[in-house]
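Visitor: This is query_28.cif, which holds mmCIF, C-alpha atoms:
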```
data_query
loop_
_atom_site.group_PDB
_atom_site.id
_atom_site.type_symbol
_atom_site.label_atom_id
_atom_site.label_comp_id
_atom_site.auth_asym_id
_atom_site.auth_seq_id
_atom_site.Cartn_x
_atom_site.Cartn_y
_atom_site.Cartn_z
ATOM 1 C CA MET F 57 -20.611 -4.880 16.109
ATOM 2 C CA LEU F 58 -23.721 -3.910 14.142
ATOM 3 C CA ILE F 59 -25.554 -0.590 14.441
ATOM 4 C CA LYS F 60 -28.987 -0.132 12.884
ATOM 5 C CA LEU F 61 -29.343 3.294 11.306
ATOM 6 C CA ASP F 62 -33.091 3.371 11.951
ATOM 7 C CA THR F 63 -33.286 6.676 13.852
ATOM 8 C CA GLU F 64 -31.521 10.038 13.603
ATOM 9 C CA ASN F 65 -29.800 9.357 16.918
ATOM 10 C CA ASN F 66 -28.602 5.914 15.843
ATOM 11 C CA LEU F 67 -27.308 7.421 12.607
ATOM 12 C CA LYS F 68 -25.251 9.948 14.580
ATOM 13 C CA ILE F 69 -23.932 7.234 16.912
ATOM 14 C CA GLY F 70 -23.164 4.932 13.981
ATOM 15 C CA LEU F 71 -21.280 7.583 12.011
ATOM 16 C CA LYS F 72 -19.285 8.601 15.097
ATOM 17 C CA LYS F 73 -18.274 5.025 15.923
ATOM 18 C CA ALA F 74 -17.510 4.256 12.275
ATOM 19 C CA ALA F 75 -15.297 7.339 11.936
ATOM 20 C CA GLU F 76 -13.417 6.433 15.129
ATOM 21 C CA SER F 77 -12.936 2.870 13.903
ATOM 22 C CA ILE F 78 -11.644 3.968 10.480
ATOM 23 C CA LEU F 79 -9.220 6.486 11.979
ATOM 24 C CA SER F 80 -7.818 3.753 14.222
ATOM 25 C CA GLY F 81 -7.243 1.339 11.314
ATOM 26 C CA GLY F 82 -10.589 -0.448 11.359
ATOM 27 C CA VAL F 83 -12.697 -1.930 8.563
ATOM 28 C CA VAL F 84 -16.349 -0.783 8.428
ATOM 29 C CA ALA F 85 -19.159 -2.107 6.226
ATOM 30 C CA ILE F 86 -21.545 0.585 4.968
ATOM 31 C CA PRO F 87 -24.558 0.805 2.633
ATOM 32 C CA THR F 88 -24.171 2.524 -0.746
ATOM 33 C CA GLU F 89 -26.641 3.199 -3.573
ATOM 34 C CA SER F 90 -26.048 -0.274 -5.041
ATOM 35 C CA PHE F 91 -24.510 -2.698 -2.522
ATOM 36 C CA TYR F 92 -22.712 -2.653 0.828
ATOM 37 C CA GLY F 93 -19.097 -1.491 0.694
ATOM 38 C CA LEU F 94 -16.011 -1.686 2.919
ATOM 39 C CA ALA F 95 -14.609 1.576 4.221
ATOM 40 C CA VAL F 96 -11.063 2.034 5.543
ATOM 41 C CA ASN F 97 -8.635 4.933 5.804
ATOM 42 C CA PRO F 98 -7.025 5.134 2.322
ATOM 43 C CA THR F 99 -3.894 6.776 3.703
ATOM 44 C CA ASP F 100 -3.246 3.950 6.199
ATOM 45 C CA VAL F 101 -1.221 1.213 4.476
ATOM 46 C CA ARG F 102 -1.905 -1.298 7.249
ATOM 47 C CA ALA F 103 -5.652 -0.708 6.941
ATOM 48 C CA ILE F 104 -5.477 -1.159 3.158
ATOM 49 C CA LYS F 105 -3.570 -4.440 3.572
ATOM 50 C CA ARG F 106 -6.140 -5.583 6.104
ATOM 51 C CA LEU F 107 -8.900 -4.729 3.626
ATOM 52 C CA PHE F 108 -7.235 -6.935 1.011
ATOM 53 C CA ASP F 109 -6.963 -9.738 3.562
ATOM 54 C CA VAL F 110 -10.640 -9.442 4.543
ATOM 55 C CA LYS F 111 -11.746 -9.611 0.906
ATOM 56 C CA LYS F 112 -9.079 -12.150 -0.104
ATOM 57 C CA ARG F 113 -8.426 -9.743 -2.947
ATOM 58 C CA ARG F 114 -5.403 -9.836 -5.240
ATOM 59 C CA GLY F 115 -2.911 -7.036 -4.679
ATOM 60 C CA ASP F 116 -2.955 -6.011 -8.338
ATOM 61 C CA GLN F 117 -6.539 -4.731 -8.130
ATOM 62 C CA PRO F 118 -6.917 -1.031 -7.228
ATOM 63 C CA ILE F 119 -9.382 0.252 -4.627
ATOM 64 C CA LEU F 120 -11.683 3.210 -5.335
ATOM 65 C CA LEU F 121 -12.292 6.245 -3.123
ATOM 66 C CA LEU F 122 -15.575 7.764 -1.976
ATOM 67 C CA ILE F 123 -15.308 11.505 -1.373
ATOM 68 C CA SER F 124 -17.639 13.815 0.545
ATOM 69 C CA SER F 125 -17.320 16.741 -1.872
ATOM 70 C CA VAL F 126 -15.996 17.499 -5.354
ATOM 71 C CA GLU F 127 -13.885 20.214 -3.717
ATOM 72 C CA HIS F 128 -11.622 17.524 -2.236
ATOM 73 C CA LEU F 129 -10.800 15.926 -5.577
ATOM 74 C CA ASP F 130 -7.673 18.017 -6.260
ATOM 75 C CA GLN F 131 -6.045 16.697 -3.075
ATOM 76 C CA TYR F 132 -5.909 13.158 -4.470
ATOM 77 C CA VAL F 133 -5.690 13.440 -8.261
ATOM 78 C CA ILE F 134 -3.119 15.171 -10.469
ATOM 79 C CA HIS F 135 -5.421 16.539 -13.152
ATOM 80 C CA VAL F 136 -9.179 16.839 -13.670
ATOM 81 C CA PRO F 137 -9.869 17.002 -17.427
ATOM 82 C CA HIS F 138 -12.681 19.163 -18.810
ATOM 83 C CA ILE F 139 -14.566 16.006 -19.821
ATOM 84 C CA ALA F 140 -14.503 14.833 -16.202
ATOM 85 C CA HIS F 141 -16.139 18.101 -15.089
ATOM 86 C CA GLN F 142 -18.929 17.517 -17.630
ATOM 87 C CA LEU F 143 -19.487 13.996 -16.318
ATOM 88 C CA MET F 144 -19.385 15.032 -12.659
ATOM 89 C CA ASN F 145 -21.925 17.800 -13.298
ATOM 90 C CA GLU F 146 -24.249 15.265 -14.929
ATOM 91 C CA PHE F 147 -23.790 12.096 -12.863
ATOM 92 C CA TRP F 148 -22.429 13.068 -9.420
ATOM 93 C CA PRO F 149 -23.558 12.242 -6.859
ATOM 94 C CA GLY F 150 -24.344 8.839 -8.326
ATOM 95 C CA GLY F 151 -23.166 5.566 -9.763
ATOM 96 C CA LEU F 152 -20.237 6.720 -11.895
ATOM 97 C CA THR F 153 -16.653 6.065 -10.793
ATOM 98 C CA LEU F 154 -14.071 8.157 -12.650
ATOM 99 C CA ILE F 155 -10.456 7.020 -12.945
ATOM 100 C CA PHE F 156 -7.866 9.818 -12.660
ATOM 101 C CA GLU F 157 -4.094 10.044 -12.426
ATOM 102 C CA ALA F 158 -3.341 9.584 -8.715
ATOM 103 C CA LYS F 159 -1.243 11.950 -6.645
ATOM 104 C CA PRO F 160 2.080 10.236 -5.784
ATOM 105 C CA SER F 161 1.255 10.715 -2.096
ATOM 106 C CA LEU F 162 -1.445 8.017 -2.271
ATOM 107 C CA PRO F 163 -0.255 4.587 -1.115
ATOM 108 C CA ARG F 164 0.873 2.259 -3.893
ATOM 109 C CA GLU F 165 -1.234 -0.477 -2.271
ATOM 110 C CA LEU F 166 -4.363 1.609 -2.979
ATOM 111 C CA THR F 167 -3.575 2.157 -6.662
ATOM 112 C CA ALA F 168 -2.040 -1.322 -7.135
ATOM 113 C CA GLY F 169 0.941 0.413 -8.718
ATOM 114 C CA THR F 170 -1.156 1.702 -11.658
ATOM 115 C CA GLY F 171 -0.606 5.370 -10.860
ATOM 116 C CA LYS F 172 -4.379 5.798 -11.201
ATOM 117 C CA ILE F 173 -7.238 6.114 -8.718
ATOM 118 C CA GLY F 174 -10.994 5.621 -9.100
ATOM 119 C CA VAL F 175 -13.117 8.261 -7.349
ATOM 120 C CA ARG F 176 -16.851 8.617 -6.796
ATOM 121 C CA LEU F 177 -19.252 10.921 -4.999
ATOM 122 C CA SER F 178 -21.975 8.574 -3.755
ATOM 123 C CA SER F 179 -25.663 9.459 -3.900
ATOM 124 C CA HIS F 180 -26.216 7.452 -0.704
ATOM 125 C CA PRO F 181 -26.100 9.708 2.379
ATOM 126 C CA VAL F 182 -24.145 7.310 4.619
ATOM 127 C CA PRO F 183 -20.791 7.077 2.746
ATOM 128 C CA THR F 184 -20.836 10.823 2.075
ATOM 129 C CA ALA F 185 -21.553 11.662 5.719
ATOM 130 C CA LEU F 186 -18.952 9.140 6.895
ATOM 131 C CA ALA F 187 -16.230 10.572 4.641
ATOM 132 C CA GLN F 188 -17.133 13.982 6.014
ATOM 133 C CA ALA F 189 -16.959 12.699 9.601
ATOM 134 C CA VAL F 190 -13.566 11.051 8.987
ATOM 135 C CA GLY F 191 -12.251 14.200 7.306
ATOM 136 C CA ILE F 192 -10.747 12.313 4.345
ATOM 137 C CA PRO F 193 -12.130 10.022 1.615
ATOM 138 C CA ILE F 194 -12.965 6.424 2.464
ATOM 139 C CA THR F 195 -12.570 3.286 0.366
ATOM 140 C CA GLY F 196 -15.676 1.950 -1.350
ATOM 141 C CA THR F 197 -14.889 -1.570 -2.511
ATOM 142 C CA SER F 198 -17.712 -4.123 -2.223
ATOM 143 C CA ALA F 199 -18.287 -5.819 1.152
ATOM 144 C CA ASN F 200 -17.708 -9.422 0.087
ATOM 145 C CA ILE F 201 -15.024 -12.005 -0.562
ATOM 146 C CA SER F 202 -13.592 -11.320 -4.026
ATOM 147 C CA GLY F 203 -15.441 -13.346 -6.627
ATOM 148 C CA GLN F 204 -18.489 -13.845 -4.389
ATOM 149 C CA PRO F 205 -21.831 -12.063 -4.969
ATOM 150 C CA ALA F 206 -22.084 -8.502 -3.643
ATOM 151 C CA CYS F 207 -24.184 -7.967 -0.503
ATOM 152 C CA SER F 208 -27.366 -5.883 -0.424
ATOM 153 C CA SER F 209 -28.099 -6.272 3.304
ATOM 154 C CA ALA F 210 -26.202 -6.099 6.586
ATOM 155 C CA ARG F 211 -27.223 -9.713 7.251
ATOM 156 C CA GLU F 212 -25.511 -10.845 4.057
ATOM 157 C CA VAL F 213 -22.372 -8.907 4.996
ATOM 158 C CA PHE F 214 -22.281 -10.551 8.408
ATOM 159 C CA ARG F 215 -22.880 -13.982 6.906
ATOM 160 C CA GLY F 216 -20.062 -13.499 4.387
ATOM 161 C CA LEU F 217 -17.484 -11.632 6.456
ATOM 162 C CA GLY F 218 -18.578 -12.072 10.072
ATOM 163 C CA ASP F 219 -16.105 -10.787 12.630
ATOM 164 C CA LYS F 220 -13.527 -9.921 9.961
ATOM 165 C CA VAL F 221 -15.008 -6.395 9.971
ATOM 166 C CA ASP F 222 -15.027 -4.177 13.046
ATOM 167 C CA LEU F 223 -18.428 -2.572 12.473
ATOM 168 C CA ILE F 224 -21.429 -2.934 10.168
ATOM 169 C CA LEU F 225 -23.700 0.080 9.676
ATOM 170 C CA ASP F 226 -27.103 -1.439 8.911
ATOM 171 C CA GLY F 227 -28.893 0.955 6.580
ATOM 172 C CA GLY F 228 -31.418 -1.642 5.480
ATOM 173 C CA GLU F 229 -31.696 -3.259 2.074
ATOM 174 C CA THR F 230 -29.786 -1.519 -0.710
ATOM 175 C CA ALA F 231 -30.994 -1.272 -4.308
ATOM 176 C CA GLY F 232 -28.687 -3.994 -5.634
ATOM 177 C CA GLY F 233 -28.706 -4.356 -9.406
ATOM 178 C CA LYS F 234 -25.513 -3.132 -11.040
ATOM 179 C CA GLY F 235 -22.487 -1.602 -9.334
ATOM 180 C CA SER F 236 -21.095 1.752 -10.402
ATOM 181 C CA THR F 237 -19.924 2.303 -13.954
ATOM 182 C CA VAL F 238 -16.138 2.755 -14.074
ATOM 183 C CA LEU F 239 -14.805 5.211 -16.658
ATOM 184 C CA ASP F 240 -11.119 5.999 -17.281
ATOM 185 C CA VAL F 241 -10.857 9.734 -18.005
ATOM 186 C CA THR F 242 -7.058 9.631 -18.239
ATOM 187 C CA LYS F 243 -7.619 8.441 -21.817
ATOM 188 C CA ASP F 244 -8.980 10.484 -24.721
ATOM 189 C CA PRO F 245 -11.653 9.515 -25.502
ATOM 190 C CA PRO F 246 -12.533 8.072 -22.063
ATOM 191 C CA VAL F 247 -12.698 4.271 -21.809
ATOM 192 C CA VAL F 248 -15.490 2.338 -20.087
ATOM 193 C CA VAL F 249 -13.706 -0.156 -17.824
ATOM 194 C CA ARG F 250 -16.962 -1.553 -16.423
ATOM 195 C CA GLU F 251 -20.502 -0.708 -17.446
ATOM 196 C CA GLY F 252 -22.878 -0.495 -14.508
ATOM 197 C CA MET F 253 -25.462 1.940 -13.148
ATOM 198 C CA VAL F 254 -24.729 4.640 -15.737
ATOM 199 C CA SER F 255 -25.055 3.300 -19.284
ATOM 200 C CA ARG F 256 -22.518 3.822 -22.036
ATOM 201 C CA GLU F 257 -25.258 5.578 -24.045
ATOM 202 C CA LEU F 258 -25.885 8.136 -21.286
ATOM 203 C CA ILE F 259 -22.152 8.852 -21.048
ATOM 204 C CA GLU F 260 -21.900 9.324 -24.815
ATOM 205 C CA MET F 261 -24.920 11.667 -24.816
ATOM 206 C CA CYS F 262 -23.357 13.730 -22.025
ATOM 207 C CA LEU F 263 -20.086 14.130 -23.911
ATOM 208 C CA LYS F 264 -21.614 15.074 -27.284
#
```
With the file now loaded, output its structure as structure tokens.

Guide:
Amino acid sequence: MLIKLDTENNLKIGLKKAAESILSGGVVAIPTESFYGLAVNPTDVRAIKRLFDVKKRRGDQPILLLISSVEHLDQYVIHVPHIAHQLMNEFWPGGLTLIFEAKPSLPRELTAGTGKIGVRLSSHPVPTALAQAVGIPITGTSANISGQPACSSAREVFRGLGDKVDLILDGGETAGGKGSTVLDVTKDPPVVVREGMVSRELIEMCLK
């Protein structure tokens, strides 16, 4: 099923159906500030395994979380270092994923046994509103087969994944370009795992 988010009413309908699907173990494709992502319930092991199957993703690769508010961070991570607060104040909401020590309550399948979890507050309204509607964070891995190009339109998602997903929220063309920058703040100094939307130089300037 595909729902165009072209009116306020359709947005409400789309978010409601997406939240219902996620809470019942479904896989939903959503727009983000860079590319389309796949959202599932991160506390549902069966949904996480299904997500890996849809993407044909190796089980040793962790999945990041999209949260609806910084206030929810403490529920999923053990410790938020001072440096992380600096970075969140500067770059959230936006294209910076921060890696924290994960609470033991998070499924091992989500963290790939690393004991760490990547978290981001998206600047795109749809993932933030959806996480709020679901009442818990949602996953934010790219909506594509692993190793294939990321998708910047609902049409590309459908072409690549088809009926493997339960719902596609069509928010139009996304910006594309680079994905989020991934920064491990469990290390001192923090380590750039992947440079993306937020440059290494901007991060260094923020932390000076």

Visitor: Looking at only C-alpha atoms, which of F:Arg176, F:Lys73, F:Lys159, F:Arg250 is the one that sits closest to Ile123 (chain F)?

Guide: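 Checking each of F:Arg176, F:Lys73, F:Lys159, F:Arg250 against Ile123 (chain F), counting only C-alpha atoms, the winner is F:Arg176.
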
Visitor: May I have the residues within 7 Å of Ala158 (chain F) as number ranges by chain, using all atoms listed in the file and disregarding those fewer than 2 positions away in the same chain?

Guide: F: 132-134, 156, 160, 162, 171-173

Visitor: Could you check the closest approach to Gly233 (chain F) for each of F:Cys207, F:Leu129, F:Ile104, F:Leu258 and tell me which residue wins, using only C-alpha atoms?

Guide: F:Cys207

Visitor: Pick from F:Gly174, F:Pro98, F:Pro118, F:Gly93: nearest to Gly196 (chain F), with all atoms listed in the file counted?

Guide: F:Gly93

Visitor: Restricting the calculation to only C-alpha atoms: of F:Val247, F:Leu223, F:Val190, F:Ala199, which residue gets closest to Arg113 (chain F)?

Guide: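 Of F:Val247, F:Leu223, F:Val190, F:Ala199, the one nearest Arg113 (chain F), counting only C-alpha atoms, is F:Ala199.
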
Visitor: I want to know what sits within 12 Å of Leu186 (chain F), based on all atoms listed in the file, with residues of the same chain fewer than 4 positions away left out; could you give that as a ChimeraX atom specification?

Guide: /F:67-79,84-88,94-97,122-125,178,180-182,190-196,225

Visitor: Measuring between all atoms listed in the file, which one of F:Arg211, F:Lys243, F:Lys234, F:His128 shows the shortest distance to Leu58 (chain F)?

Guide: F:Arg211

Visitor: Enter the distance from CA of Asp116 (chain F) to CA of Thr230 (chain F), in Å, rounded to one decimal.

Guide: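 For CA of Asp116 (chain F) relative to CA of Thr230 (chain F), the distance reads 28.3 Å.
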
Visitor: From the options F:Gly115, F:Gly81, F:Gly252, F:Gly227, which residue's atoms come nearest to Ser209 (chain F), counting all atoms listed in the file?

Guide: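 For Ser209 (chain F), the nearest of the given residues is F:Gly227.
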
Visitor: Excluding Pro137 (chain F) and its own-chain neighbours fewer than 3 positions away, which residues fall within 12 Å of it when counting all atoms listed in the file? Please give them as a list of chain:residue names.

Guide: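 Residues near the query, excluding close chain neighbours: F:Leu129, F:Asp130, F:Val133, F:Ile134, F:Ala140, F:His141, F:Gln142, F:Leu143, F:Met144, F:Leu154, F:Ile155, F:Phe156, F:Glu157, F:Asp240, F:Val241, F:Thr242, F:Lys243, F:Asp244, F:Pro245, F:Pro246.
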
Visitor: Please write the residues from the selection above to a file, keeping C-alpha atoms, as a CSV table (one decimal), in the coordinates of the input.

Guide:
```
chain,number,residue,atom,x,y,z
F,129,LEU,CA,-10.8,15.9,-5.6
F,130,ASP,CA,-7.7,18.0,-6.3
F,133,VAL,CA,-5.7,13.4,-8.3
F,134,ILE,CA,-3.1,15.2,-10.5
F,140,ALA,CA,-14.5,14.8,-16.2
F,141,HIS,CA,-16.1,18.1,-15.1
F,142,GLN,CA,-18.9,17.5,-17.6
F,143,LEU,CA,-19.5,14.0,-16.3
F,144,MET,CA,-19.4,15.0,-12.7
F,154,LEU,CA,-14.1,8.2,-12.6
F,155,ILE,CA,-10.5,7.0,-12.9
F,156,PHE,CA,-7.9,9.8,-12.7
F,157,GLU,CA,-4.1,10.0,-12.4
F,240,ASP,CA,-11.1,6.0,-17.3
F,241,VAL,CA,-10.9,9.7,-18.0
F,242,THR,CA,-7.1,9.6,-18.2
F,243,LYS,CA,-7.6,8.4,-21.8
F,244,ASP,CA,-9.0,10.5,-24.7
F,245,PRO,CA,-11.7,9.5,-25.5
F,246,PRO,CA,-12.5,8.1,-22.1
```

Visitor: So what do you get for CA of Asp62 (chain F) versus CA of Pro205 (chain F), distance-wise?

Guide: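 Separation of CA of Asp62 (chain F) and CA of Pro205 (chain F): 25.5 Å.
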
Visitor: Using all atoms listed in the file, determine which residues lie at most 7 Å from Leu152 (chain F), disregarding the query and same-chain residues fewer than 4 positions distant; provide the list as a PyMOL selection string.

Guide: chain F and resi 147+176+236-238+254

Visitor: Convert the output of the PyMOL selection byres ((chain F and resi 108) around 12) on the shown file into explicit residues, formatted as a VMD selection string.

Guide: chain F and resid 83 94 to 96 101 to 107 109 to 119 165 to 166 168 195 197 to 202 220 to 221

Visitor: Is it possible to get the axis-aligned box enclosing region 147-158 of chain F (all listed atoms, 8 Å extra per side) as AutoDock Vina command-line options, with centre and edge lengths in Å rounded to one decimal?

Guide:
```
--center_x -13.8 --center_y 9.3 --center_z -9.9 --size_x 37.0 --size_y 23.5 --size_z 22.1
```

Visitor: Please report the interatomic distance between CA of Val249 (chain F) and CA of Thr153 (chain F) in Å with one decimal.

Guide: 9.8 Å

Visitor: Do you know which residues the PyMOL selection byres ((chain F and resi 262) around 10) returns on this file, as a list in words?

Guide: Ile139, Gln142, Leu143, Asn145, Glu146, Phe147, Arg256, Glu257, Leu258, Ile259, Glu260, Met261, Leu263 and Lys264 of chain F
